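Coordinates as given in work.txt (compact mmCIF, C-alpha atoms and all ligand atoms):
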# COMPACT_ATOMS: atom_id res chain seq x y z
CA MET R 1362 -225.69 -140.15 -90.50
CA THR R 1363 -224.86 -143.81 -91.05
CA ARG R 1364 -222.01 -145.24 -89.04
CA LYS R 1365 -220.21 -148.17 -90.62
CA LEU R 1366 -217.52 -150.32 -89.08
CA PHE R 1367 -215.13 -152.29 -91.31
CA ARG R 1368 -213.14 -154.88 -89.37
CA ASN R 1369 -210.46 -157.46 -89.96
CA ALA R 1370 -208.57 -155.63 -92.73
CA HIS R 1371 -204.87 -155.47 -93.56
CA ILE R 1372 -204.52 -151.73 -94.23
CA PHE R 1373 -201.77 -149.98 -96.22
CA THR R 1374 -201.82 -146.19 -96.56
CA PRO R 1375 -199.46 -143.25 -96.98
CA ILE R 1376 -199.63 -140.71 -94.16
CA ASP R 1377 -200.39 -137.09 -95.02
CA LYS R 1378 -197.89 -134.63 -93.59
CA GLY R 1379 -199.47 -131.54 -95.12
CA LYS R 1380 -197.53 -131.59 -98.38
CA PRO R 1381 -196.75 -134.08 -101.17
CA LEU R 1382 -194.35 -136.81 -100.09
CA ALA R 1383 -190.87 -136.60 -101.65
CA GLY R 1384 -187.63 -138.57 -101.52
CA GLU R 1385 -187.52 -141.22 -98.78
CA GLU R 1386 -190.88 -140.03 -97.45
CA GLN R 1387 -192.54 -141.14 -100.68
CA GLY R 1388 -191.67 -144.75 -99.87
CA LYS R 1389 -193.07 -144.76 -96.32
CA ILE R 1390 -196.37 -146.57 -96.02
CA ALA R 1391 -198.21 -147.27 -92.78
CA GLU R 1392 -199.27 -150.89 -92.37
CA ILE R 1393 -202.01 -151.91 -89.94
CA LYS R 1394 -202.60 -155.61 -89.31
CA ASP R 1395 -205.99 -156.58 -87.88
CA GLY R 1396 -207.11 -153.07 -88.79
CA ALA R 1397 -210.50 -151.41 -88.65
CA ILE R 1398 -212.12 -148.29 -90.07
CA LEU R 1399 -215.09 -146.57 -88.47
CA ALA R 1400 -216.82 -144.26 -90.95
CA ASN R 1401 -219.51 -141.74 -90.12
CA GLY R 1402 -221.44 -140.27 -93.04
CA GLY R 1403 -218.73 -141.58 -95.39
CA VAL R 1404 -215.90 -139.87 -93.49
CA ILE R 1405 -213.29 -141.70 -91.41
CA GLU R 1406 -213.98 -141.18 -87.71
CA LYS R 1407 -211.45 -143.73 -86.45
CA ILE R 1408 -208.82 -145.94 -88.08
CA GLY R 1409 -206.22 -148.24 -86.53
CA VAL R 1410 -205.86 -151.65 -84.94
CA ASP R 1411 -209.21 -153.23 -84.21
CA CYS R 1412 -209.02 -153.03 -80.45
CA GLY R 1413 -208.15 -149.32 -80.61
CA VAL R 1414 -211.01 -148.49 -82.98
CA THR R 1415 -213.68 -150.50 -81.18
CA LYS R 1416 -212.58 -149.61 -77.65
CA GLY R 1417 -215.13 -147.42 -75.94
CA LEU R 1418 -217.73 -147.74 -78.70
CA LYS R 1419 -221.15 -147.64 -77.10
CA PRO R 1420 -223.41 -150.63 -77.81
CA ASN R 1421 -225.66 -150.11 -80.87
CA CYS R 1422 -223.80 -146.98 -81.97
CA VAL R 1423 -222.78 -148.67 -85.26
CA ASP R 1424 -225.44 -149.08 -87.95
CA GLU R 1425 -223.59 -151.54 -90.17
CA GLU R 1426 -220.62 -153.82 -89.47
CA TYR R 1427 -218.54 -155.68 -92.06
CA ASP R 1428 -215.93 -158.41 -91.65
CA LEU R 1429 -213.34 -158.00 -94.41
CA CYS R 1430 -211.82 -161.42 -93.63
CA GLY R 1431 -208.22 -160.21 -93.44
CA ALA R 1432 -208.26 -158.66 -96.93
CA CYS R 1433 -205.66 -156.16 -98.11
CA LEU R 1434 -207.12 -152.64 -98.12
CA ILE R 1435 -205.62 -149.50 -99.69
CA PRO R 1436 -206.90 -145.96 -100.46
CA GLY R 1437 -208.94 -145.51 -103.64
CA PHE R 1438 -206.74 -144.54 -106.59
CA VAL R 1439 -206.59 -140.91 -107.67
CA ASP R 1440 -205.91 -140.46 -111.39
CA PRO R 1441 -204.63 -136.87 -111.71
CA HIS R 1442 -204.30 -136.67 -115.50
CA THR R 1443 -206.87 -137.87 -118.04
CA HIS R 1444 -208.38 -136.74 -121.33
CA MET R 1445 -211.32 -139.05 -120.75
CA CYS R 1446 -213.94 -136.82 -122.37
CA PHE R 1447 -213.70 -137.73 -126.05
CA ALA R 1448 -215.58 -139.15 -128.99
CA GLY R 1449 -214.40 -141.62 -131.60
CA ARG R 1450 -211.50 -144.02 -131.61
CA ARG R 1451 -208.11 -143.74 -133.33
CA GLU R 1452 -207.25 -147.36 -134.04
CA ASP R 1453 -206.10 -146.51 -137.57
CA GLU R 1454 -203.65 -144.01 -136.12
CA PHE R 1455 -202.43 -146.54 -133.55
CA GLY R 1456 -201.72 -148.97 -136.39
CA LYS R 1457 -199.64 -146.33 -138.18
CA ARG R 1458 -197.77 -145.43 -135.01
CA ILE R 1459 -196.77 -148.98 -134.20
CA SER R 1460 -195.42 -149.25 -137.72
CA GLY R 1461 -193.20 -146.26 -137.01
CA LEU R 1462 -195.03 -143.03 -137.92
CA PRO R 1463 -194.18 -140.49 -135.16
CA TYR R 1464 -197.01 -139.18 -132.96
CA LEU R 1465 -196.17 -135.51 -133.65
CA GLU R 1466 -196.01 -136.14 -137.40
CA ILE R 1467 -199.61 -137.41 -137.34
CA LEU R 1468 -200.66 -134.19 -135.58
CA ARG R 1469 -198.68 -132.12 -138.10
CA GLN R 1470 -200.62 -133.80 -140.90
CA GLY R 1471 -203.94 -132.73 -139.32
CA GLY R 1472 -204.73 -136.04 -137.59
CA GLY R 1473 -204.15 -137.07 -133.98
CA ILE R 1474 -205.66 -134.59 -131.52
CA LEU R 1475 -207.23 -132.69 -134.44
CA SER R 1476 -209.19 -135.76 -135.52
CA SER R 1477 -210.61 -136.06 -131.98
CA VAL R 1478 -211.56 -132.37 -132.19
CA LYS R 1479 -213.67 -133.13 -135.24
CA ALA R 1480 -215.30 -136.09 -133.47
CA VAL R 1481 -216.24 -133.93 -130.46
CA LYS R 1482 -217.68 -131.28 -132.77
CA ASP R 1483 -219.81 -133.82 -134.63
CA ILE R 1484 -221.33 -135.52 -131.59
CA SER R 1485 -224.22 -134.29 -129.41
CA GLU R 1486 -223.55 -133.19 -125.84
CA ASP R 1487 -225.72 -136.05 -124.51
CA GLU R 1488 -223.82 -138.65 -126.51
CA LEU R 1489 -220.48 -137.19 -125.37
CA PHE R 1490 -221.74 -137.43 -121.80
CA CYS R 1491 -222.75 -141.11 -122.22
CA ARG R 1492 -219.32 -142.01 -123.62
CA THR R 1493 -217.44 -140.11 -120.92
CA ARG R 1494 -219.54 -141.65 -118.17
CA HIS R 1495 -218.89 -145.09 -119.65
CA MET R 1496 -215.12 -144.49 -119.53
CA ALA R 1497 -215.32 -143.11 -115.98
CA MET R 1498 -217.22 -146.20 -114.82
CA ARG R 1499 -214.59 -148.44 -116.43
CA ALA R 1500 -211.93 -146.57 -114.46
CA LEU R 1501 -213.97 -146.91 -111.26
CA ALA R 1502 -214.09 -150.68 -111.75
CA LYS R 1503 -210.28 -150.62 -111.82
CA GLY R 1504 -210.10 -148.74 -108.54
CA THR R 1505 -210.08 -145.06 -109.56
CA THR R 1506 -212.33 -143.24 -107.10
CA THR R 1507 -211.16 -139.71 -107.98
CA MET R 1508 -209.92 -138.34 -111.28
CA GLU R 1509 -209.07 -135.25 -113.21
CA ILE R 1510 -210.54 -134.80 -116.70
CA LYS R 1511 -209.27 -132.20 -119.18
CA SER R 1512 -211.07 -130.42 -121.98
CA GLY R 1513 -208.98 -129.79 -125.09
CA TYR R 1514 -210.78 -131.54 -127.93
CA GLY R 1515 -212.85 -128.41 -128.59
CA LEU R 1516 -210.31 -125.68 -129.40
CA GLU R 1517 -213.28 -123.35 -130.02
CA THR R 1518 -214.88 -121.55 -127.10
CA ASP R 1519 -218.31 -123.20 -127.43
CA LEU R 1520 -216.84 -126.66 -127.84
CA GLU R 1521 -214.47 -126.29 -124.90
CA LEU R 1522 -217.46 -125.23 -122.78
CA LYS R 1523 -219.44 -128.21 -124.13
CA MET R 1524 -216.69 -130.54 -122.91
CA LEU R 1525 -216.49 -128.85 -119.52
CA ARG R 1526 -220.27 -129.14 -119.06
CA VAL R 1527 -220.03 -132.84 -119.87
CA ILE R 1528 -217.24 -133.27 -117.31
CA ARG R 1529 -219.34 -131.48 -114.69
CA ARG R 1530 -222.29 -133.76 -115.46
CA VAL R 1531 -220.12 -136.87 -115.13
CA ALA R 1532 -219.07 -135.56 -111.72
CA GLN R 1533 -222.74 -135.20 -110.76
CA GLU R 1534 -223.95 -138.52 -112.15
CA THR R 1535 -221.24 -141.02 -111.16
CA PRO R 1536 -219.85 -141.94 -107.74
CA LEU R 1537 -216.42 -140.51 -108.62
CA ASN R 1538 -214.94 -137.23 -107.39
CA ILE R 1539 -213.92 -135.38 -110.54
CA VAL R 1540 -211.74 -132.31 -111.04
CA ALA R 1541 -212.03 -130.40 -114.33
CA THR R 1542 -209.07 -128.87 -116.16
CA PHE R 1543 -209.40 -126.40 -119.02
CA MET R 1544 -206.99 -127.29 -121.82
CA GLY R 1545 -207.93 -125.05 -124.73
CA ALA R 1546 -204.19 -125.02 -125.51
CA HIS R 1547 -204.08 -128.69 -126.47
CA ALA R 1548 -203.28 -128.17 -130.16
CA VAL R 1549 -203.16 -125.35 -132.67
CA PRO R 1550 -206.37 -125.54 -134.74
CA ALA R 1551 -205.95 -125.79 -138.53
CA ALA R 1552 -207.42 -122.29 -138.95
CA TYR R 1553 -204.54 -120.87 -136.85
CA LYS R 1554 -201.70 -122.86 -138.43
CA GLU R 1555 -198.56 -120.68 -138.28
CA ARG R 1556 -200.53 -118.26 -136.05
CA ALA R 1557 -200.22 -119.96 -132.67
CA ASP R 1558 -199.41 -116.65 -130.92
CA GLU R 1559 -202.69 -115.20 -132.09
CA PHE R 1560 -204.59 -118.31 -130.99
CA VAL R 1561 -203.03 -118.11 -127.52
CA ASP R 1562 -203.40 -114.36 -127.02
CA GLU R 1563 -206.67 -113.58 -128.78
CA ILE R 1564 -208.67 -116.77 -128.40
CA ILE R 1565 -207.47 -118.60 -125.33
CA ILE R 1566 -206.37 -115.74 -123.09
CA LYS R 1567 -208.89 -113.09 -124.12
CA GLU R 1568 -211.93 -115.19 -124.96
CA MET R 1569 -211.86 -118.67 -123.45
CA LEU R 1570 -210.22 -118.16 -120.06
CA PRO R 1571 -212.63 -115.41 -118.91
CA LYS R 1572 -215.68 -117.46 -119.96
CA VAL R 1573 -214.43 -120.60 -118.24
CA ARG R 1574 -213.66 -118.55 -115.15
CA GLU R 1575 -217.02 -116.81 -115.16
CA GLN R 1576 -218.85 -120.15 -115.36
CA GLY R 1577 -216.70 -121.65 -112.59
CA ILE R 1578 -216.50 -124.79 -114.66
CA ALA R 1579 -212.78 -125.70 -114.37
CA GLU R 1580 -210.26 -125.48 -111.55
CA PHE R 1581 -207.01 -125.96 -113.45
CA CYS R 1582 -205.53 -124.73 -116.72
CA ASP R 1583 -203.12 -126.89 -118.72
CA VAL R 1584 -201.11 -126.46 -121.93
CA PHE R 1585 -199.32 -128.84 -124.33
CA CYS R 1586 -195.81 -127.35 -124.45
CA GLU R 1587 -194.06 -129.19 -127.26
CA GLU R 1588 -192.21 -128.64 -130.52
CA GLY R 1589 -194.75 -127.71 -133.20
CA VAL R 1590 -197.51 -127.19 -130.63
CA PHE R 1591 -197.05 -124.42 -127.98
CA SER R 1592 -193.67 -122.89 -127.13
CA THR R 1593 -192.37 -122.22 -123.63
CA ASP R 1594 -193.07 -118.48 -124.14
CA GLN R 1595 -196.66 -119.12 -125.17
CA SER R 1596 -197.13 -121.60 -122.31
CA ARG R 1597 -195.66 -119.17 -119.78
CA ARG R 1598 -197.93 -116.33 -120.97
CA LEU R 1599 -201.03 -118.48 -120.79
CA LEU R 1600 -200.25 -120.06 -117.42
CA LYS R 1601 -199.28 -116.74 -115.81
CA THR R 1602 -202.59 -115.23 -116.87
CA ALA R 1603 -204.50 -118.31 -115.72
CA ALA R 1604 -202.78 -118.27 -112.33
CA ALA R 1605 -203.57 -114.56 -111.90
CA MET R 1606 -207.23 -115.40 -112.60
CA GLY R 1607 -207.24 -118.02 -109.87
CA PHE R 1608 -206.75 -121.24 -111.83
CA GLY R 1609 -204.37 -123.90 -110.59
CA ILE R 1610 -201.79 -124.50 -113.33
CA LYS R 1611 -200.36 -127.59 -115.01
CA ILE R 1612 -198.18 -128.18 -118.05
CA HIS R 1613 -197.65 -131.08 -120.47
CA ALA R 1614 -193.89 -130.75 -120.47
CA ASP R 1615 -190.99 -132.35 -122.33
CA GLU R 1616 -193.01 -135.34 -123.56
CA VAL R 1617 -191.14 -135.81 -126.82
CA ASN R 1618 -188.56 -133.00 -126.90
CA ASP R 1619 -186.84 -131.17 -124.05
CA LEU R 1620 -188.17 -127.65 -124.62
CA GLY R 1621 -187.74 -126.71 -120.96
CA GLY R 1622 -191.39 -127.07 -119.96
CA ALA R 1623 -190.34 -128.55 -116.60
CA GLY R 1624 -188.37 -125.35 -116.00
CA VAL R 1625 -191.49 -123.27 -116.72
CA ALA R 1626 -193.40 -125.38 -114.17
CA ALA R 1627 -190.72 -124.68 -111.55
CA GLU R 1628 -190.56 -120.97 -112.37
CA LEU R 1629 -194.33 -120.54 -112.04
CA HIS R 1630 -194.67 -122.95 -109.08
CA ALA R 1631 -197.16 -124.98 -111.09
CA ALA R 1632 -199.12 -127.63 -109.22
CA SER R 1633 -197.58 -130.18 -111.57
CA ALA R 1634 -195.77 -130.90 -114.80
CA GLU R 1635 -196.76 -134.01 -116.71
CA HIS R 1636 -194.97 -136.58 -118.91
CA LEU R 1637 -191.33 -135.38 -118.49
CA LEU R 1638 -189.84 -138.23 -120.56
CA ALA R 1639 -187.25 -135.85 -122.02
CA ALA R 1640 -186.96 -133.35 -119.13
CA SER R 1641 -183.48 -132.34 -117.98
CA GLU R 1642 -182.08 -133.20 -114.56
CA GLU R 1643 -181.62 -129.50 -113.81
CA ASN R 1644 -185.24 -128.60 -114.51
CA LEU R 1645 -186.57 -131.64 -112.64
CA LYS R 1646 -184.53 -130.69 -109.58
CA ALA R 1647 -185.86 -127.14 -109.87
CA MET R 1648 -189.40 -128.58 -109.84
CA GLY R 1649 -188.57 -130.39 -106.61
CA ARG R 1650 -187.38 -127.15 -105.01
CA ALA R 1651 -190.49 -125.32 -106.22
CA GLY R 1652 -192.82 -128.02 -104.86
CA SER R 1653 -194.25 -128.89 -108.29
CA ILE R 1654 -195.32 -132.51 -108.59
CA ALA R 1655 -193.95 -134.69 -111.39
CA VAL R 1656 -196.95 -136.54 -112.82
CA LEU R 1657 -195.49 -139.51 -114.69
CA LEU R 1658 -197.51 -141.32 -117.36
CA PRO R 1659 -195.79 -144.64 -118.09
CA ALA R 1660 -198.70 -146.09 -120.07
CA THR R 1661 -198.13 -143.27 -122.59
CA ALA R 1662 -194.46 -144.21 -122.93
CA TYR R 1663 -195.65 -147.82 -123.43
CA SER R 1664 -198.17 -146.80 -126.09
CA LEU R 1665 -195.79 -144.40 -127.86
CA LYS R 1666 -192.97 -146.98 -127.62
CA LYS R 1667 -190.73 -144.39 -125.94
CA LEU R 1668 -188.17 -144.69 -123.18
CA TYR R 1669 -189.91 -144.36 -119.82
CA ALA R 1670 -189.40 -141.33 -117.60
CA ASN R 1671 -186.75 -142.10 -115.00
CA GLY R 1672 -189.05 -142.43 -112.00
CA ARG R 1673 -186.26 -143.84 -109.83
CA ASN R 1674 -184.01 -140.81 -110.31
CA ILE R 1675 -186.89 -138.36 -110.06
CA VAL R 1676 -187.88 -139.76 -106.65
CA ASP R 1677 -184.23 -139.79 -105.56
CA TRP R 1678 -183.90 -136.14 -106.61
CA ARG R 1679 -186.66 -135.42 -104.10
CA VAL R 1680 -189.29 -134.38 -106.61
CA PRO R 1681 -192.71 -135.58 -105.37
CA VAL R 1682 -193.97 -138.10 -107.94
CA ALA R 1683 -197.55 -138.95 -108.87
CA ILE R 1684 -198.62 -141.41 -111.56
CA ALA R 1685 -201.60 -141.18 -113.89
CA THR R 1686 -203.13 -142.91 -116.89
CA ASP R 1687 -203.28 -139.95 -119.37
CA CYS R 1688 -206.32 -141.85 -120.71
CA ASN R 1689 -207.04 -140.49 -124.19
CA PRO R 1690 -207.97 -141.90 -127.62
CA GLY R 1691 -204.54 -141.23 -129.16
CA SER R 1692 -201.26 -141.43 -127.27
CA CYS R 1693 -202.60 -143.72 -124.52
CA PHE R 1694 -205.93 -145.52 -124.56
CA CYS R 1695 -205.74 -146.82 -121.01
CA GLU R 1696 -207.94 -146.10 -117.98
CA SER R 1697 -206.23 -148.60 -115.68
CA ILE R 1698 -204.20 -147.36 -112.71
CA PRO R 1699 -203.26 -150.99 -111.88
CA PHE R 1700 -201.55 -151.22 -115.29
CA VAL R 1701 -199.79 -147.88 -114.71
CA PHE R 1702 -198.80 -149.10 -111.23
CA GLY R 1703 -197.17 -152.21 -112.69
CA LEU R 1704 -195.28 -150.17 -115.30
CA SER R 1705 -194.07 -147.75 -112.62
CA VAL R 1706 -192.56 -150.58 -110.62
CA MET R 1707 -191.23 -152.68 -113.48
CA ASN R 1708 -190.17 -150.02 -116.00
CA MET R 1709 -189.59 -146.86 -113.96
CA ASN R 1710 -187.92 -148.74 -111.12
CA MET R 1711 -190.08 -147.27 -108.39
CA THR R 1712 -190.76 -149.35 -105.29
CA VAL R 1713 -194.26 -150.64 -104.62
CA ASN R 1714 -194.57 -148.22 -101.68
CA GLU R 1715 -193.49 -145.27 -103.84
CA ALA R 1716 -196.01 -146.26 -106.52
CA LEU R 1717 -198.74 -146.51 -103.89
CA THR R 1718 -198.05 -142.96 -102.66
CA ALA R 1719 -197.83 -141.82 -106.30
CA SER R 1720 -201.26 -143.23 -107.16
CA THR R 1721 -203.04 -141.98 -104.03
CA LEU R 1722 -201.77 -139.16 -101.81
CA ASN R 1723 -199.37 -137.39 -104.19
CA ALA R 1724 -201.96 -137.72 -106.97
CA ALA R 1725 -204.53 -136.07 -104.69
CA TYR R 1726 -202.08 -133.22 -104.05
CA ALA R 1727 -201.60 -132.79 -107.80
CA ILE R 1728 -205.29 -131.92 -108.16
CA ASN R 1729 -205.72 -130.11 -104.85
CA ARG R 1730 -207.82 -132.80 -103.19
CA ALA R 1731 -205.49 -134.00 -100.43
CA LYS R 1732 -207.49 -132.35 -97.67
CA LYS R 1733 -210.23 -134.95 -98.09
CA LEU R 1734 -208.77 -137.70 -100.27
CA GLY R 1735 -205.66 -139.72 -101.08
CA SER R 1736 -204.97 -141.44 -97.75
CA LEU R 1737 -206.90 -143.28 -95.06
CA GLU R 1738 -206.83 -140.99 -92.04
CA ILE R 1739 -209.29 -139.43 -89.62
CA GLY R 1740 -211.34 -136.72 -91.33
CA LYS R 1741 -210.74 -137.98 -94.86
CA GLN R 1742 -213.37 -139.63 -97.03
CA ALA R 1743 -213.56 -143.42 -96.65
CA ASP R 1744 -212.59 -144.24 -100.25
CA PHE R 1745 -210.83 -147.58 -100.32
CA LEU R 1746 -210.13 -150.70 -102.35
CA ILE R 1747 -210.06 -154.36 -101.44
CA LEU R 1748 -207.21 -156.11 -103.25
CA ASP R 1749 -206.93 -159.70 -104.43
CA GLY R 1750 -203.55 -160.28 -102.82
CA GLU R 1751 -201.71 -160.15 -99.52
CA THR R 1752 -200.12 -156.73 -100.00
CA PRO R 1753 -200.06 -153.91 -102.63
CA VAL R 1754 -197.23 -155.87 -104.29
CA ALA R 1755 -200.07 -157.79 -105.99
CA LEU R 1756 -200.69 -154.73 -108.19
CA ALA R 1757 -197.36 -155.25 -109.95
CA TYR R 1758 -196.90 -158.98 -109.30
CA HIS R 1759 -200.22 -160.23 -110.75
CA ALA R 1760 -199.49 -158.87 -114.20
CA GLY R 1761 -202.40 -158.15 -116.52
CA SER R 1762 -204.98 -158.63 -113.77
CA SER R 1763 -206.49 -155.61 -112.09
CA SER R 1764 -206.43 -157.26 -108.62
CA ILE R 1765 -209.34 -155.08 -107.50
CA LEU R 1766 -212.01 -157.07 -105.65
CA GLY R 1767 -214.04 -154.22 -104.21
CA VAL R 1768 -214.29 -150.43 -104.54
CA TYR R 1769 -215.76 -148.29 -101.73
CA LYS R 1770 -216.60 -144.63 -102.17
CA ALA R 1771 -217.42 -142.67 -99.00
CA ALA R 1772 -217.79 -146.02 -97.19
CA ALA R 1773 -220.37 -147.33 -99.70
CA ARG R 1774 -219.56 -150.29 -101.92
CA VAL R 1775 -219.79 -149.14 -105.55
CA ILE R 1776 -218.06 -152.10 -107.28
O1 LIG L 1801 -201.03 -136.17 -122.87
N1 LIG L 1801 -199.75 -134.78 -125.38
C1 LIG L 1801 -200.83 -134.22 -125.48
N2 LIG L 1801 -202.03 -134.68 -125.10
C2 LIG L 1801 -202.30 -136.04 -124.81
C3 LIG L 1801 -202.61 -136.81 -126.03
C4 LIG L 1801 -203.92 -136.47 -126.57
C5 LIG L 1801 -204.24 -137.18 -127.84
O2 LIG L 1801 -203.38 -137.74 -128.55
O3 LIG L 1801 -205.45 -137.19 -128.14
C6 LIG L 1801 -201.17 -136.63 -123.98
O4 LIG L 1801 -200.48 -137.55 -124.40
FE FE L 1802 -202.12 -135.69 -121.39
Transcribe the structure of this file into structure tokens.
Amino acid sequence: MTRKLFRNAHIFTPIDKGKPLAGEEQGKIAEIKDGAILANGGVIEKIGVDCGVTKGLKPNCVDEEYDLCGACLIPGFVDPHTHMCFAGRREDEFGKRISGLPYLEILRQGGGILSSVKAVKDISEDELFCRTRHMAMRALAKGTTTMEIKSGYGLETDLELKMLRVIRRVAQETPLNIVATFMGAHAVPAAYKERADEFVDEIIIKEMLPKVREQGIAEFCDVFCEEGVFSTDQSRRLLKTAAAMGFGIKIHADEVNDLGGAGVAAELHAASAEHLLAASEENLKAMGRAGSIAVLLPATAYSLKKLYANGRNIVDWRVPVAIATDCNPGSCFCESIPFVFGLSVMNMNMTVNEALTASTLNAAYAINRAKKLGSLEIGKQADFLILDGETPVALAYHAGSSSILGVYKAAARVI
């Protein structure tokens, strides 16, 4: 196994305490000046101040040594919520939305998510793979070394499986770690209009979930709980079944209207609830008690021209917060965690330290990857970024610039 020593770095990392960081803990970041990382086979063997890491190292026991010239170094970003597997673009829809047509109205008229469903149906599996890989590589260049990708532009069993196969192939053929989420409950297909119960019970629960399970092709199950899409009862039924089958569970909750999706997340001890722009204080606090992570998606609020989720309060209420891009062709065409980071600090009033935990360790917890990823500590994978700046403040301060100079995956430079 190759041993690599990275020296002369200014390291910033959250410290893993065995569960997602909440409240004041979310804002605590370890800082190591004149730091070094010794990686063995891509895994961190030692990390700390240079003299501590190099002390006692036998001569010639390191295969490669790098001087990082004092650069700022942070963990690779983890993006715990994307819909990055898609075909086609929706620029026409974006134009209508910025002129005032509501997002849910477009879906009601058969556009929005349903137009992406048609695009995924019409494209070959190879072409869908090429497009998804292209998006994943764009995200990698912006510092995302691990991400979740959801299905949900199939809505038919074969097409959902097609998406999940593509996601698996992107995991195999790019340097990123990728976690797949099954989201057959992303919209009610036109053929089931007014029959959402039947779609949930007969198609998703009876047909899709067992097939996805049998093929071992997704780890999580997610549902879009929203007015005119899936109700809290339908979401609860689906997620309970999925959990009993061994899936981790997630819920798109209270994005536009407060239906109580955050309360369902708390009740079912979901890994996470996402969006939460309209979630009530009571349900958010219940999530905190249940240990469900609030995955906030400020680039979606930006793109939908909505009020941002109140990240400041949510952290203060001791709900562990993660941030994600929500990258998709409709509500948020953005694969950049640096952009999301800036919005979190400037528009959700989170501190830079809180945003750093939210985009690394808590994000890794939200997709069950914290054992190996999300912070720079002994035994974890050496996934890290070199920033163009003195501290992680640069990610919010240098607006519109990604500030990412180098991306390392398992101690190998990939960007
Ligand atoms: O998280 N809200 C539901 N799903 C996505 C949007 C998907 C789309 O518009 O294509 C979201 O915003
Ligand atoms: Fe989403």
Atomic distance CA of Leu1399 (chain R) - CA of Cys1430 (chain R), expressed in Å with one decimal: 16.1 Å
Environment of ligand LIG 1801 (chain L) within 6 Å, counting only C-alpha atoms and all ligand atoms, reported as a ChimeraX atom specification: /R:1473-1474,1585,1687,1689-1692
Residues within 7 Å of region 1695-1697 of chain R, all atoms listed in the file, excluding chain neighbours under 6 positions, as number ranges by chain: R: 1500, 1503, 1686, 1688
Cut-off 12 Å, only C-alpha atoms and all ligand atoms, neighbours of ligand FE 1802 (chain L) as a compact mmCIF listing (two decimals) with C-alpha atoms, in the frame of the given file:
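Generated output (pocket.txt):
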# COMPACT_ATOMS: atom_id res chain seq x y z
CA ASP R 1440 -205.91 -140.46 -111.39
CA PRO R 1441 -204.63 -136.87 -111.71
CA HIS R 1442 -204.30 -136.67 -115.50
CA THR R 1443 -206.87 -137.87 -118.04
CA HIS R 1444 -208.38 -136.74 -121.33
CA MET R 1445 -211.32 -139.05 -120.75
CA CYS R 1446 -213.94 -136.82 -122.37
CA ILE R 1474 -205.66 -134.59 -131.52
CA GLU R 1509 -209.07 -135.25 -113.21
CA ILE R 1510 -210.54 -134.80 -116.70
CA LYS R 1511 -209.27 -132.20 -119.18
CA SER R 1512 -211.07 -130.42 -121.98
CA GLY R 1513 -208.98 -129.79 -125.09
CA TYR R 1514 -210.78 -131.54 -127.93
CA THR R 1542 -209.07 -128.87 -116.16
CA MET R 1544 -206.99 -127.29 -121.82
CA ALA R 1546 -204.19 -125.02 -125.51
CA HIS R 1547 -204.08 -128.69 -126.47
CA ALA R 1548 -203.28 -128.17 -130.16
CA ASP R 1583 -203.12 -126.89 -118.72
CA VAL R 1584 -201.11 -126.46 -121.93
CA PHE R 1585 -199.32 -128.84 -124.33
CA CYS R 1586 -195.81 -127.35 -124.45
CA GLU R 1587 -194.06 -129.19 -127.26
CA LYS R 1611 -200.36 -127.59 -115.01
CA ILE R 1612 -198.18 -128.18 -118.05
CA HIS R 1613 -197.65 -131.08 -120.47
CA ALA R 1614 -193.89 -130.75 -120.47
CA ASP R 1615 -190.99 -132.35 -122.33
CA GLU R 1616 -193.01 -135.34 -123.56
CA ALA R 1634 -195.77 -130.90 -114.80
CA GLU R 1635 -196.76 -134.01 -116.71
CA HIS R 1636 -194.97 -136.58 -118.91
CA LEU R 1637 -191.33 -135.38 -118.49
CA VAL R 1656 -196.95 -136.54 -112.82
CA LEU R 1657 -195.49 -139.51 -114.69
CA LEU R 1658 -197.51 -141.32 -117.36
CA PRO R 1659 -195.79 -144.64 -118.09
CA ALA R 1660 -198.70 -146.09 -120.07
CA THR R 1661 -198.13 -143.27 -122.59
CA ALA R 1662 -194.46 -144.21 -122.93
CA ILE R 1684 -198.62 -141.41 -111.56
CA ALA R 1685 -201.60 -141.18 -113.89
CA THR R 1686 -203.13 -142.91 -116.89
CA ASP R 1687 -203.28 -139.95 -119.37
CA CYS R 1688 -206.32 -141.85 -120.71
CA ASN R 1689 -207.04 -140.49 -124.19
CA PRO R 1690 -207.97 -141.90 -127.62
CA GLY R 1691 -204.54 -141.23 -129.16
CA SER R 1692 -201.26 -141.43 -127.27
CA CYS R 1693 -202.60 -143.72 -124.52
CA PHE R 1694 -205.93 -145.52 -124.56
CA CYS R 1695 -205.74 -146.82 -121.01
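Going from CA of Ala1551 (chain R) over to CA of Gly1515 (chain R), you cover 12.4 Å.
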For CA of Gly1396 (chain R) and CA of Tyr1769 (chain R), the interatomic separation in Å (one decimal):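 So the answer is 16.3 Å.
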